[in-house]
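Right, one structure below, let's go through it.
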Amino acid sequence: MKLLRALGFDLAMTKVLVDDRNFIARTGNPDRRTIEKELNWLIDGAKAGDHLFLHFAGHATQVPQQSRQQERNNNSSFCDALVPVDYQKAGYITDDFLFENFFTKVPPGCRLTCVFDTAIYSAS
């Protein structure tokens with residue numbers, strides 16, 4: 001939060017999703033539905049000249065590609081995915097989902113900075 005403040009971000013315009021209910025700046029739980037909702041919040045109303053910042057600190061994993069076409073295009077049978085706290089029930093958030101439903105919706109001329117600080121999660 002100190003870094004965002006130092007960079008000139010309005011902290012009143014932030015969302016902090018953490019599973020620790022006692023975290024003072026917490027605005028929600030990092031479950032899949034809430035993560036997707038807040039990703040949409042981040043880009044909703046964004047316009048050229050805006051600077052958006054996304055920081056994800058949590059687990060990531062690799063999951064099998066959903067289609068053979070994707071596998072051929074990526075030259076891999078796996079895609080990267082974020083692991084929300086309810087992944088066992090709601091599933092992972094794949095890089096394909098993020099690209100189609102988030103990154104491609106950032107308006108032209110709007111700058112988006114993303115920091116993914118992830119540890120590899122293995123469900124096995």
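All residue names refer to the structure tokens as shown: chains lettered A, B, ... in order, residues numbered from 1 in each chain, ligands numbered from 1 in order.
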* Asked: Where does DSSP see strand (DSSP E) in chain A, if you list the residues as an MDAnalysis selection string?
  -> chainID A and resid 51:64 78:82 93:94 111:120
What's the 8 Å shell around Phe53 in chain A, counting only C-alpha atoms, without same-chain residues fewer than 4 positions away, as a PDB file with C-alpha atoms, in the first residue's frame?
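Output file part_14.pdb follows:
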ATOM      1  CA  LEU A 112      -2.102  -1.719 -17.151  1.00  0.00           C
ATOM      2  CA  THR A 113       0.727  -2.863 -14.895  1.00  0.00           C
ATOM      3  CA  CYS A 114       0.444  -6.406 -13.536  1.00  0.00           C
TER       4      CYS A 114
END
* Skip Lys37 in chain A itself and residues of its chain fewer than 5 positions away, then list as an NGL selection string all residues within 12 Å of it, counting only C-alpha atoms. => :A and (15 or 17 or 28-32 or 42-44 or 101-102)
* Asked: Among range 22-65 of chain A, which ones does DSSP place in alpha helix (DSSP H), written as a VMD selection string?
  -> chain A and resid 32 to 43
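Taking CA of Thr61 in chain A as the reference point, CA of Val83 in chain A is found at 7.0 Å.
In this model, the gap between CA of Ala60 in chain A and CA of Lys2 in chain A comes to 25.3 Å.
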* **Closest of A:Gly49, A:Pro108, A:Phe103, A:Phe116 to Leu82 in chain A - atom-to-atom distances counting only C-alpha atoms** =>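 With only C-alpha atoms as the atom set, the closest residue is A:Phe116.
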* Asked: Pick from A:Gln62, A:Thr27, A:Gln88, A:Asn40: nearest to Ser76 in chain A, with only C-alpha atoms counted?
  ->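 Among the listed residues, A:Gln62 lies closest to Ser76 in chain A.
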* Asked: Could you state the separation of CA of His59 in chain A and CA of Pro84 in chain A in Å, given to one decimal place?
  ->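 Atom-to-atom, CA of His59 in chain A to CA of Pro84 in chain A, that is 7.8 Å.
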